[in-house]
file input.cif (mmCIF, C-alpha atoms)
data_my_file
loop_
_atom_site.label_atom_id
_atom_site.label_comp_id
_atom_site.auth_asym_id
_atom_site.auth_seq_id
_atom_site.Cartn_x
_atom_site.Cartn_y
_atom_site.Cartn_z
CA MET Y 1 13.23 -49.26 -10.38
CA GLU Y 2 11.21 -47.42 -13.01
CA ARG Y 3 8.54 -45.14 -11.61
CA HIS Y 4 5.06 -45.28 -13.11
CA VAL Y 5 5.45 -41.63 -14.14
CA ASP Y 6 8.53 -42.60 -16.22
CA GLN Y 7 6.33 -44.89 -18.27
CA GLU Y 8 3.92 -42.01 -18.89
CA LEU Y 9 6.75 -39.64 -19.79
CA LYS Y 10 7.89 -42.20 -22.39
CA GLU Y 11 4.35 -42.15 -23.75
CA LEU Y 12 4.59 -38.37 -23.98
CA ASN Y 13 7.78 -38.72 -26.03
CA LYS Y 14 5.97 -41.14 -28.34
CA ASP Y 15 3.09 -38.67 -28.73
CA ILE Y 16 5.49 -35.86 -29.62
CA LEU Y 17 7.25 -38.15 -32.13
CA LYS Y 18 3.86 -38.96 -33.67
CA MET Y 19 2.93 -35.25 -33.87
CA GLY Y 20 6.36 -34.68 -35.42
CA ALA Y 21 5.92 -37.44 -38.00
CA LEU Y 22 2.50 -36.15 -39.08
CA THR Y 23 3.83 -32.60 -39.27
CA GLU Y 24 6.89 -33.59 -41.30
CA GLU Y 25 4.62 -35.51 -43.67
CA ALA Y 26 2.42 -32.41 -44.09
CA ILE Y 27 5.44 -30.24 -44.98
CA TYR Y 28 6.76 -32.85 -47.41
CA LYS Y 29 3.42 -33.34 -49.16
CA SER Y 30 2.65 -29.62 -49.38
CA VAL Y 31 5.90 -28.95 -51.27
CA GLU Y 32 5.66 -32.14 -53.37
CA ALA Y 33 2.20 -30.95 -54.41
CA LEU Y 34 3.75 -27.62 -55.44
CA LYS Y 35 6.58 -29.29 -57.38
CA ASN Y 36 4.31 -31.77 -59.18
CA ARG Y 37 1.33 -29.43 -59.53
CA ASP Y 38 -0.65 -32.13 -57.74
CA LYS Y 39 -4.01 -30.73 -56.69
CA GLU Y 40 -5.11 -33.92 -54.91
CA MET Y 41 -1.99 -34.03 -52.78
CA ALA Y 42 -2.43 -30.37 -51.78
CA GLU Y 43 -6.03 -31.13 -50.82
CA SER Y 44 -4.96 -34.15 -48.77
CA VAL Y 45 -2.67 -31.88 -46.68
CA ILE Y 46 -5.60 -29.56 -45.99
CA ASP Y 47 -7.97 -32.45 -45.18
CA ASN Y 48 -5.49 -34.18 -42.87
CA ASP Y 49 -4.95 -31.11 -40.70
CA ALA Y 50 -8.04 -31.88 -38.62
CA ASN Y 51 -6.34 -35.11 -37.44
CA ILE Y 52 -3.25 -33.19 -36.35
CA ASP Y 53 -5.42 -30.63 -34.51
CA LYS Y 54 -7.20 -33.49 -32.76
CA LEU Y 55 -3.96 -35.17 -31.73
CA GLU Y 56 -2.63 -31.85 -30.44
CA LEU Y 57 -5.64 -31.45 -28.14
CA GLU Y 58 -5.30 -35.05 -26.92
CA VAL Y 59 -1.60 -34.60 -26.12
CA ASP Y 60 -2.31 -31.30 -24.38
CA GLU Y 61 -5.05 -32.91 -22.30
CA LYS Y 62 -2.77 -35.84 -21.41
CA CYS Y 63 -0.11 -33.41 -20.18
CA ILE Y 64 -2.55 -31.59 -17.90
CA ASP Y 65 -3.82 -34.94 -16.58
CA LEU Y 66 -0.24 -36.10 -16.02
CA ILE Y 67 0.55 -33.01 -13.94
CA ALA Y 68 -2.73 -33.30 -12.00
CA ARG Y 69 -2.26 -37.00 -11.22
CA TYR Y 70 1.46 -37.17 -10.41
CA GLN Y 71 2.08 -33.62 -9.14
CA PRO Y 72 5.59 -33.97 -10.58
CA MET Y 73 8.57 -32.15 -9.15
CA ALA Y 74 10.70 -29.60 -10.96
CA LYS Y 75 12.52 -31.76 -13.53
CA ASP Y 76 9.54 -33.84 -14.71
CA LEU Y 77 7.26 -30.81 -14.57
CA ARG Y 78 9.59 -28.86 -16.82
CA LEU Y 79 9.73 -31.80 -19.23
CA ILE Y 80 5.94 -31.97 -19.42
CA ALA Y 81 5.61 -28.16 -19.79
CA THR Y 82 8.17 -28.25 -22.61
CA GLY Y 83 6.28 -31.14 -24.21
CA MET Y 84 3.12 -29.02 -24.19
CA LYS Y 85 4.93 -26.13 -25.86
CA ILE Y 86 6.47 -28.34 -28.53
CA ASN Y 87 3.10 -29.96 -29.18
CA ALA Y 88 1.67 -26.47 -29.85
CA GLU Y 89 4.62 -25.53 -32.10
CA LEU Y 90 4.11 -28.68 -34.19
CA GLU Y 91 0.44 -27.92 -34.62
CA ARG Y 92 1.38 -24.45 -35.89
CA ILE Y 93 3.88 -25.96 -38.32
CA ALA Y 94 1.15 -28.23 -39.67
CA ASP Y 95 -1.05 -25.13 -40.11
CA ILE Y 96 1.71 -23.55 -42.19
CA ALA Y 97 1.85 -26.69 -44.37
CA VAL Y 98 -1.87 -26.05 -44.97
CA ASP Y 99 -1.00 -22.45 -45.94
CA ILE Y 100 1.54 -23.79 -48.45
CA ALA Y 101 -1.03 -26.26 -49.82
CA GLN Y 102 -3.56 -23.43 -50.24
CA ARG Y 103 -1.05 -21.25 -52.11
CA THR Y 104 -0.25 -24.32 -54.23
CA LEU Y 105 -3.91 -24.68 -55.19
CA GLU Y 106 -3.77 -21.09 -56.48
CA LEU Y 107 -0.80 -22.04 -58.68
CA VAL Y 108 -1.61 -25.52 -60.07
CA ASP Y 109 -3.55 -24.23 -63.08
CA LYS Y 110 -1.03 -21.52 -64.03
CA PRO Y 111 2.27 -21.90 -65.89
CA LEU Y 112 5.28 -22.12 -63.55
CA LEU Y 113 7.48 -19.03 -63.35
CA LYS Y 114 10.59 -21.16 -63.32
CA PRO Y 115 11.53 -24.39 -61.51
CA LEU Y 116 10.75 -22.94 -58.06
CA ILE Y 117 14.09 -21.14 -57.52
CA ASP Y 118 15.52 -22.16 -54.11
CA ILE Y 119 12.21 -23.27 -52.60
CA PRO Y 120 13.14 -27.01 -52.64
CA LYS Y 121 16.44 -26.15 -50.91
CA LEU Y 122 14.68 -24.08 -48.24
CA THR Y 123 12.22 -26.97 -47.80
CA THR Y 124 15.09 -29.36 -47.07
CA VAL Y 125 16.49 -26.93 -44.49
CA ALA Y 126 13.05 -26.61 -42.86
CA GLN Y 127 12.48 -30.38 -42.78
CA ASN Y 128 15.91 -31.02 -41.24
CA MET Y 129 15.42 -28.32 -38.61
CA VAL Y 130 12.03 -29.72 -37.56
CA LYS Y 131 13.39 -33.27 -37.41
CA MET Y 132 16.48 -32.27 -35.41
CA SER Y 133 14.48 -30.14 -32.97
CA ILE Y 134 12.12 -33.04 -32.14
CA ASP Y 135 15.03 -35.46 -31.78
CA ALA Y 136 16.73 -32.95 -29.48
CA PHE Y 137 13.66 -32.92 -27.24
CA VAL Y 138 13.21 -36.68 -27.14
CA THR Y 139 16.90 -37.35 -26.39
CA GLY Y 140 17.48 -34.13 -24.37
CA ASP Y 141 20.41 -33.47 -26.71
CA ILE Y 142 21.42 -29.85 -26.20
CA ALA Y 143 24.16 -29.99 -28.86
CA LEU Y 144 21.59 -31.04 -31.46
CA ALA Y 145 19.26 -28.24 -30.30
CA LYS Y 146 22.09 -25.75 -30.79
CA LYS Y 147 22.67 -27.13 -34.29
CA VAL Y 148 19.06 -26.18 -35.08
CA LEU Y 149 19.70 -22.60 -33.94
CA LEU Y 150 22.79 -22.46 -36.15
CA SER Y 151 20.71 -23.47 -39.19
CA ASP Y 152 18.27 -20.58 -38.83
CA PRO Y 153 20.42 -17.88 -40.49
CA GLU Y 154 20.70 -20.12 -43.57
CA ALA Y 155 16.92 -20.27 -43.74
CA ASP Y 156 16.64 -16.47 -43.42
CA GLU Y 157 19.25 -16.02 -46.14
CA LEU Y 158 17.53 -18.45 -48.52
CA ARG Y 159 14.20 -16.70 -47.98
CA ASN Y 160 15.78 -13.31 -48.69
CA VAL Y 161 17.43 -14.58 -51.87
CA ILE Y 162 14.14 -16.07 -53.10
CA GLN Y 163 12.23 -12.87 -52.24
CA LYS Y 164 14.80 -10.63 -53.96
CA GLU Y 165 14.80 -12.78 -57.08
CA LEU Y 166 11.01 -12.85 -57.29
CA ILE Y 167 10.76 -9.07 -56.92
CA GLU Y 168 13.70 -8.02 -59.07
CA ASP Y 169 13.75 -10.68 -61.80
CA TYR Y 170 10.01 -11.12 -62.14
CA MET Y 171 7.65 -8.52 -60.69
CA LEU Y 172 9.78 -5.45 -61.53
CA LYS Y 173 10.50 -6.66 -65.08
CA ASP Y 174 7.02 -7.93 -65.87
CA GLY Y 175 4.10 -6.89 -63.69
CA LEU Y 176 2.01 -9.71 -65.18
CA THR Y 177 4.07 -12.24 -63.22
CA ALA Y 178 3.03 -10.62 -59.91
CA PRO Y 179 0.09 -12.89 -58.97
CA ARG Y 180 2.21 -16.04 -59.33
CA ALA Y 181 5.38 -14.46 -57.92
CA VAL Y 182 3.48 -13.30 -54.81
CA GLN Y 183 2.29 -16.86 -54.15
CA LEU Y 184 5.86 -18.21 -54.37
CA LEU Y 185 7.13 -15.36 -52.19
CA LEU Y 186 4.54 -16.27 -49.56
CA ILE Y 187 5.47 -19.96 -49.76
CA ALA Y 188 9.15 -19.04 -49.16
CA ARG Y 189 8.09 -17.00 -46.13
CA PHE Y 190 5.93 -19.89 -44.86
CA LEU Y 191 8.91 -22.25 -45.07
CA GLU Y 192 11.07 -19.78 -43.20
CA ARG Y 193 8.38 -19.54 -40.51
CA ILE Y 194 8.52 -23.32 -40.16
CA CYS Y 195 12.24 -22.87 -39.45
CA ASP Y 196 11.35 -20.25 -36.82
CA HIS Y 197 9.04 -22.73 -35.11
CA ALA Y 198 11.81 -25.37 -35.16
CA THR Y 199 14.05 -22.72 -33.60
CA ASN Y 200 11.43 -22.13 -30.88
CA ILE Y 201 11.37 -25.88 -30.17
CA ALA Y 202 15.18 -25.99 -29.98
CA GLU Y 203 15.22 -22.98 -27.63
CA ASP Y 204 12.62 -24.66 -25.42
CA VAL Y 205 14.78 -27.81 -25.29
CA ILE Y 206 17.88 -25.80 -24.33
CA TYR Y 207 15.93 -23.93 -21.68
CA MET Y 208 14.53 -27.19 -20.34
CA VAL Y 209 17.98 -28.75 -20.07
CA GLN Y 210 19.84 -25.66 -18.85
CA ALA Y 211 17.24 -24.65 -16.26
CA GLU Y 212 17.65 -28.17 -14.98
CA VAL Y 213 21.40 -27.63 -14.72
CA VAL Y 214 20.78 -24.36 -12.90
CA ARG Y 215 18.44 -26.20 -10.56
CA HIS Y 216 21.34 -28.38 -9.51
CA HIS Y 217 23.01 -25.22 -8.25
CA PRO Y 218 20.47 -23.74 -5.86
CA GLU Y 219 22.70 -20.79 -5.05
CA LYS Y 220 21.97 -19.50 -8.55
CA LEU Y 221 18.25 -19.60 -7.92
CA ARG Y 222 18.09 -17.48 -4.78
CA ASP Y 223 16.07 -14.73 -6.45
CA SER Y 224 13.40 -16.96 -7.88
CA GLU Y 225 12.76 -19.35 -5.00
CA MET B 1 -11.28 -17.23 3.03
CA GLU B 2 -8.85 -16.47 0.25
CA ARG B 3 -6.23 -19.14 -0.33
CA HIS B 4 -2.62 -18.09 -0.77
CA VAL B 5 -2.70 -19.59 -4.26
CA ASP B 6 -5.56 -17.21 -5.17
CA GLN B 7 -3.28 -14.29 -4.44
CA GLU B 8 -0.67 -15.76 -6.77
CA LEU B 9 -3.25 -16.42 -9.48
CA LYS B 10 -4.23 -12.73 -9.27
CA GLU B 11 -0.56 -11.88 -9.77
CA LEU B 12 -0.57 -14.11 -12.86
CA ASN B 13 -3.53 -12.14 -14.23
CA LYS B 14 -1.61 -8.92 -13.61
CA ASP B 15 1.42 -10.32 -15.43
CA ILE B 16 -0.72 -11.29 -18.42
CA LEU B 17 -2.30 -7.82 -18.43
CA LYS B 18 1.18 -6.28 -18.41
CA MET B 19 2.34 -8.52 -21.28
CA GLY B 20 -0.87 -7.53 -23.07
CA ALA B 21 -0.30 -3.81 -22.52
CA LEU B 22 3.29 -3.97 -23.81
CA THR B 23 2.16 -6.01 -26.81
CA GLU B 24 -0.70 -3.66 -27.66
CA GLU B 25 1.72 -0.73 -27.42
CA ALA B 26 4.11 -2.49 -29.82
CA ILE B 27 1.32 -3.03 -32.38
CA TYR B 28 0.15 0.58 -32.06
CA LYS B 29 3.62 2.07 -32.41
CA SER B 30 4.61 -0.17 -35.33
CA VAL B 31 1.63 1.03 -37.38
CA GLU B 32 1.93 4.66 -36.22
CA ALA B 33 5.54 4.53 -37.42
CA LEU B 34 4.28 3.28 -40.79
CA LYS B 35 1.60 5.99 -41.04
CA ASN B 36 3.92 8.84 -40.02
CA ARG B 37 7.04 7.45 -41.69
CA ASP B 38 8.65 7.68 -38.28
CA LYS B 39 11.95 5.83 -38.32
CA GLU B 40 12.70 6.41 -34.64
CA MET B 41 9.36 5.00 -33.53
CA ALA B 42 9.88 1.89 -35.69
CA GLU B 43 13.30 1.44 -34.11
CA SER B 44 11.85 1.84 -30.61
CA VAL B 45 9.47 -1.09 -31.29
CA ILE B 46 12.43 -3.24 -32.33
CA ASP B 47 14.54 -2.16 -29.33
CA ASN B 48 11.74 -2.72 -26.82
CA ASP B 49 11.12 -6.30 -27.89
CA ALA B 50 13.92 -7.58 -25.63
CA ASN B 51 11.93 -6.35 -22.60
CA ILE B 52 8.86 -8.25 -23.74
CA ASP B 53 10.93 -11.40 -24.32
CA LYS B 54 12.37 -11.05 -20.82
CA LEU B 55 8.94 -10.60 -19.23
CA GLU B 56 7.65 -13.63 -21.13
CA LEU B 57 10.42 -15.81 -19.66
CA GLU B 58 9.75 -14.45 -16.17
CA VAL B 59 6.01 -15.17 -16.40
CA ASP B 60 6.69 -18.64 -17.78
CA GLU B 61 9.10 -19.36 -14.94
CA LYS B 62 6.59 -18.07 -12.37
CA CYS B 63 3.92 -20.41 -13.76
CA ILE B 64 6.19 -23.45 -13.46
CA ASP B 65 7.13 -22.41 -9.90
CA LEU B 66 3.46 -21.93 -9.06
CA ILE B 67 2.60 -25.45 -10.20
CA ALA B 68 5.62 -26.93 -8.41
CA ARG B 69 4.86 -25.15 -5.11
CA TYR B 70 1.06 -25.48 -4.91
CA GLN B 71 0.50 -28.68 -6.91
CA PRO B 72 -2.84 -27.18 -7.94
CA MET B 73 -5.86 -29.29 -8.80
CA ALA B 74 -7.64 -29.39 -12.14
CA LYS B 75 -9.26 -25.95 -12.28
CA ASP B 76 -6.29 -23.87 -11.08
CA LEU B 77 -3.88 -26.03 -13.08
CA ARG B 78 -5.83 -25.41 -16.25
CA LEU B 79 -5.86 -21.68 -15.50
CA ILE B 80 -2.08 -21.62 -15.09
CA ALA B 81 -1.51 -23.77 -18.19
CA THR B 82 -3.74 -21.40 -20.19
CA GLY B 83 -1.83 -18.42 -18.77
CA MET B 84 1.41 -19.96 -20.04
CA LYS B 85 -0.05 -20.40 -23.51
CA ILE B 86 -1.41 -16.86 -23.65
CA ASN B 87 1.92 -15.50 -22.43
CA ALA B 88 3.59 -17.29 -25.37
CA GLU B 89 0.97 -15.98 -27.84
CA LEU B 90 1.54 -12.40 -26.67
CA GLU B 91 5.28 -12.74 -27.13
CA ARG B 92 4.65 -13.92 -30.70
CA ILE B 93 2.36 -10.96 -31.34
CA ALA B 94 5.11 -8.61 -30.14
CA ASP B 95 7.50 -10.36 -32.55
CA ILE B 96 5.07 -9.61 -35.37
CA ALA B 97 5.00 -5.94 -34.35
CA VAL B 98 8.79 -6.08 -34.81
CA ASP B 99 8.23 -7.57 -38.29
CA ILE B 100 5.92 -4.64 -39.10
CA ALA B 101 8.48 -2.15 -37.78
CA GLN B 102 11.19 -3.76 -39.94
CA ARG B 103 9.03 -3.58 -43.08
CA THR B 104 8.29 0.05 -42.14
CA LEU B 105 12.01 0.82 -42.05
CA GLU B 106 12.20 -0.45 -45.65
CA LEU B 107 9.46 2.00 -46.62
CA VAL B 108 10.23 5.25 -44.75
CA ASP B 109 12.57 6.61 -47.42
CA LYS B 110 10.32 5.77 -50.35
CA PRO B 111 7.23 7.61 -51.60
CA LEU B 112 3.97 6.12 -50.29
CA LEU B 113 1.92 4.12 -52.78
CA LYS B 114 -1.28 5.64 -51.46
CA PRO B 115 -2.60 6.31 -47.93
CA LEU B 116 -2.13 2.71 -46.80
CA ILE B 117 -5.39 1.31 -48.22
CA ASP B 118 -7.25 -0.59 -45.47
CA ILE B 119 -4.20 -1.21 -43.29
CA PRO B 120 -5.32 1.24 -40.56
CA LYS B 121 -8.73 -0.47 -40.49
CA LEU B 122 -7.15 -3.93 -40.21
CA THR B 123 -4.92 -2.57 -37.43
CA THR B 124 -7.98 -1.47 -35.45
CA VAL B 125 -9.53 -4.93 -35.85
CA ALA B 126 -6.27 -6.56 -34.69
CA GLN B 127 -5.92 -4.26 -31.68
CA ASN B 128 -9.51 -4.88 -30.59
CA MET B 129 -9.18 -8.63 -30.98
CA VAL B 130 -6.00 -8.72 -28.86
CA LYS B 131 -7.56 -6.53 -26.19
CA MET B 132 -10.79 -8.54 -26.04
CA SER B 133 -8.96 -11.88 -25.92
CA ILE B 134 -6.86 -10.79 -22.92
CA ASP B 135 -9.93 -9.39 -21.15
CA ALA B 136 -11.73 -12.68 -21.82
CA PHE B 137 -8.91 -14.58 -20.10
CA VAL B 138 -8.69 -12.28 -17.10
CA THR B 139 -12.46 -12.27 -16.52
CA GLY B 140 -13.09 -15.84 -17.79
CA ASP B 141 -15.71 -14.33 -20.10
CA ILE B 142 -16.57 -16.97 -22.67
CA ALA B 143 -19.01 -14.67 -24.55
CA LEU B 144 -16.23 -12.13 -25.08
CA ALA B 145 -13.90 -14.92 -26.25
CA LYS B 146 -16.51 -15.99 -28.79
CA LYS B 147 -16.78 -12.38 -29.99
CA VAL B 148 -13.07 -12.54 -30.81
CA LEU B 149 -13.64 -15.66 -32.92
CA LEU B 150 -16.46 -13.90 -34.77
CA SER B 151 -14.11 -11.01 -35.68
CA ASP B 152 -11.58 -13.24 -37.39
CA PRO B 153 -13.39 -13.57 -40.75
CA GLU B 154 -13.45 -9.74 -40.99
CA ALA B 155 -9.67 -9.71 -40.56
CA ASP B 156 -9.24 -12.39 -43.26
CA GLU B 157 -11.50 -10.45 -45.59
CA LEU B 158 -9.66 -7.15 -45.03
CA ARG B 159 -6.32 -8.85 -45.67
CA ASN B 160 -7.64 -10.39 -48.89
CA VAL B 161 -8.99 -7.04 -50.09
CA ILE B 162 -5.67 -5.31 -49.36
CA GLN B 163 -3.72 -8.10 -51.06
CA LYS B 164 -5.95 -8.07 -54.15
CA GLU B 165 -5.73 -4.30 -54.46
CA LEU B 166 -1.93 -4.30 -54.12
CA ILE B 167 -1.53 -7.00 -56.77
CA GLU B 168 -4.16 -5.86 -59.26
CA ASP B 169 -4.04 -2.06 -58.93
CA TYR B 170 -0.31 -1.71 -58.40
CA MET B 171 1.99 -4.60 -59.22
CA LEU B 172 0.14 -5.81 -62.33
CA LYS B 173 -0.23 -2.27 -63.73
CA ASP B 174 3.24 -1.04 -62.88
CA GLY B 175 5.95 -3.53 -61.98
CA LEU B 176 8.04 -0.70 -60.52
CA THR B 177 5.64 -0.48 -57.56
CA ALA B 178 6.39 -4.13 -56.62
CA PRO B 179 9.09 -3.55 -53.95
CA ARG B 180 6.85 -1.14 -51.99
CA ALA B 181 3.63 -3.06 -52.66
CA VAL B 182 5.23 -6.30 -51.40
CA GLN B 183 6.15 -4.62 -48.10
CA LEU B 184 2.57 -3.41 -47.60
CA LEU B 185 1.22 -6.82 -48.57
CA LEU B 186 3.45 -8.41 -45.93
CA ILE B 187 2.34 -5.86 -43.31
CA ALA B 188 -1.31 -6.72 -44.05
CA ARG B 189 -0.49 -10.40 -43.60
CA PHE B 190 1.35 -9.66 -40.33
CA LEU B 191 -1.69 -7.84 -38.99
CA GLU B 192 -3.92 -10.74 -39.96
CA ARG B 193 -1.52 -13.11 -38.15
CA ILE B 194 -1.90 -10.97 -35.04
CA CYS B 195 -5.64 -11.60 -35.35
CA ASP B 196 -4.91 -15.34 -35.62
CA HIS B 197 -2.94 -15.21 -32.37
CA ALA B 198 -5.81 -13.35 -30.68
CA THR B 199 -8.07 -16.13 -31.99
CA ASN B 200 -5.74 -18.73 -30.45
CA ILE B 201 -5.96 -16.89 -27.12
CA ALA B 202 -9.77 -16.78 -27.33
CA GLU B 203 -9.90 -20.51 -28.18
CA ASP B 204 -7.65 -21.27 -25.20
CA VAL B 205 -9.99 -19.28 -22.94
CA ILE B 206 -13.06 -21.14 -24.24
CA TYR B 207 -11.30 -24.47 -23.81
CA MET B 208 -10.23 -23.50 -20.30
CA VAL B 209 -13.79 -22.60 -19.30
CA GLN B 210 -15.56 -25.42 -21.15
CA ALA B 211 -13.19 -28.21 -20.13
CA GLU B 212 -13.95 -27.12 -16.61
CA VAL B 213 -17.63 -27.60 -17.32
CA VAL B 214 -16.92 -31.04 -18.74
CA ARG B 215 -14.94 -31.87 -15.62
CA HIS B 216 -18.08 -31.32 -13.60
CA HIS B 217 -19.65 -34.16 -15.59
CA PRO B 218 -17.24 -37.03 -15.08
CA GLU B 219 -19.34 -39.40 -17.20
CA LYS B 220 -18.21 -37.38 -20.25
CA LEU B 221 -14.61 -38.01 -19.41
CA ARG B 222 -14.68 -41.79 -19.24
CA ASP B 223 -12.37 -42.25 -22.24
CA SER B 224 -9.66 -39.92 -21.01
CA GLU B 225 -9.45 -40.90 -17.35
#
call {"tool": "encode", "arguments": {"input": "input.cif", "output": "structure tokens"}}
result
Amino acid sequence: MERHVDQELKELNKDILKMGALTEEAIYKSVEALKNRDKEMAESVIDNDANIDKLELEVDEKCIDLIARYQPMAKDLRLIATGMKINAELERIADIAVDIAQRTLELVDKPLLKPLIDIPKLTTVAQNMVKMSIDAFVTGDIALAKKVLLSDPEADELRNVIQKELIEDYMLKDGLTAPRAVQLLLIARFLERICDHATNIAEDVIYMVQAEVVRHHPEKLRDSE
Amino acid sequence: MERHVDQELKELNKDILKMGALTEEAIYKSVEALKNRDKEMAESVIDNDANIDKLELEVDEKCIDLIARYQPMAKDLRLIATGMKINAELERIADIAVDIAQRTLELVDKPLLKPLIDIPKLTTVAQNMVKMSIDAFVTGDIALAKKVLLSDPEADELRNVIQKELIEDYMLKDGLTAPRAVQLLLIARFLERICDHATNIAEDVIYMVQAEVVRHHPEKLRDSE
């Protein structure tokens, strides 16, 4: 028989999926705005962030209420605590999409340096990592969470390549490119930070699942209980 | 009479103060290393981060155990949940100190651009904000938390001034300064992100205290209960 708390935990999954969908949309739109020099789209990312902030607070509040009302035991408690952490990570990712949109607004009126180097590629990596990390939470899929961790070095590498190219091929050769090159360099770093947040989510999922496994072997927990 | 849970909540405060002290030390040393071109000190910040990560996990685990064992009601639960969030923020701040130390290692062998512009000033702002935000949590001092929020625009402004100076007075005038100027620009942004994390902590403290006030007025909570 399904417990009432199970129904509420399903609702929590739905909330996290909704936070994830809004966050993924913000990333997508912020980089589309950059690609298409679309000022309105960049502004829409900035304007929409208040809705994501609001949803984050609601989900956080729901989690606290859930713990207070059901006084859940270890496994459910860990799930809710992980949900709260992921909720916060997603809100931070959405904030970074706003950072990208703001850098984009600095660039829309200026000629492009060149077709954005590897920024679209890094964006795809970031989007996939965020999507996989949320799916890993919702399904408790530890293999998928580990796949996210394995993607992170690629993101670091792409960011380094972009940074090196912007410094060596642009700023060093022609100082006048610096204001635009700095904006692109920051956008590459923002995208890589999104990947770091996805990595945090994946680590939280692994910890949630593995601590649960440990909890099935109480002899391993002697020190902490 | 003091409840047993009160004793454990005091321990949680001590843990947060310890995380705070280690984090403040990491910020201090990372910037001292930059000022004094001290490679060993930069490396010590990077090496010590594993200890902070370990403490963060321990505190997190303690919080979950505390909730599971005492099944605390609203006020204590909110305190513990806020402690978990602040613990995570402090770990992120320590990670940023590592970022600063890594950028410093890129700079130690190269001639300084000039005596670090306003970076020492921004560092002082960041250190004060972190310190005040932790004190606000431990004492539940909402006025102190609000003081942290009021400091954030100063941090943004200092970062913008540093960034503008590095681009306009260095990179634009002499492209050869770009590799060093970019590192300093990133360090300024890292320091400003530390201020953002302190702001997050202060906001969490305000929310913790104010939500409690709201909870004393159940008519305001009709929609969420």
call {"tool": "atom_distance", "arguments": {"input": "input.cif", "atom1": "atom CA of B:Val98", "atom2": "atom CA of B:Val45"}}
result
6.1 Å
call {"tool": "closest_residue", "arguments": {"input": "input.cif", "among": "Y:Cys195, Y:Ile64, Y:Leu22, Y:Ile80", "to": "chain B", "atoms": "all atoms listed in the file"}}
result
Y:Ile64
call {"tool": "closest_residue", "arguments": {"input": "input.cif", "among": "B:Thr23, B:Gln71, B:Ser133, B:Ser44", "to": "B:Val5", "atoms": "all atoms listed in the file"}}
result
B:Gln71
call {"tool": "interface_residues", "arguments": {"input": "input.cif", "of": "chain Y", "to": "chain B", "cutoff": "7 Å", "atoms": "all atoms listed in the file", "output": "PDB file with C-alpha atoms, keeping the file's coordinate frame"}}
result
ATOM      1  CA  ALA Y  68      -2.730 -33.300 -12.000  1.00  0.00           C
ATOM      2  CA  GLN Y  71       2.080 -33.620  -9.140  1.00  0.00           C
ATOM      3  CA  MET Y  73       8.570 -32.150  -9.150  1.00  0.00           C
ATOM      4  CA  ALA Y  74      10.700 -29.600 -10.960  1.00  0.00           C
ATOM      5  CA  ILE Y 167      10.760  -9.070 -56.920  1.00  0.00           C
ATOM      6  CA  MET Y 171       7.650  -8.520 -60.690  1.00  0.00           C
ATOM      7  CA  LEU Y 172       9.780  -5.450 -61.530  1.00  0.00           C
ATOM      8  CA  LYS Y 173      10.500  -6.660 -65.080  1.00  0.00           C
ATOM      9  CA  ASP Y 174       7.020  -7.930 -65.870  1.00  0.00           C
ATOM     10  CA  GLY Y 175       4.100  -6.890 -63.690  1.00  0.00           C
ATOM     11  CA  LEU Y 176       2.010  -9.710 -65.180  1.00  0.00           C
ATOM     12  CA  ALA Y 178       3.030 -10.620 -59.910  1.00  0.00           C
ATOM     13  CA  PRO Y 179       0.090 -12.890 -58.970  1.00  0.00           C
TER      14      PRO Y 179
END
call {"tool": "atom_distance", "arguments": {"input": "input.cif", "atom1": "atom CA of B:Pro153", "atom2": "atom CA of B:Val125"}}
result
10.7 Å
call {"tool": "atom_distance", "arguments": {"input": "input.cif", "atom1": "atom CA of B:Met41", "atom2": "atom CA of B:Arg103"}}
result
12.8 Å
call {"tool": "resolve_selection", "arguments": {"input": "input.cif", "expression": "the PyMOL selection byres ((chain Y and resi 86) around 10)", "output": "NGL selection string"}}
result
:Y and (16 or 19-20 or 56 or 80-85 or 87-92 or 133-134 or 137 or 197-198 or 200-202 or 204-205)
call {"tool": "resolve_selection", "arguments": {"input": "input.cif", "expression": "the PyMOL selection byres ((chain B and resi 118-123) around 9)", "output": "number ranges by chain"}}
result
B: 27-28, 31, 35, 115-117, 124-128, 154-155, 158-159, 161-162, 184, 187-188, 191-192
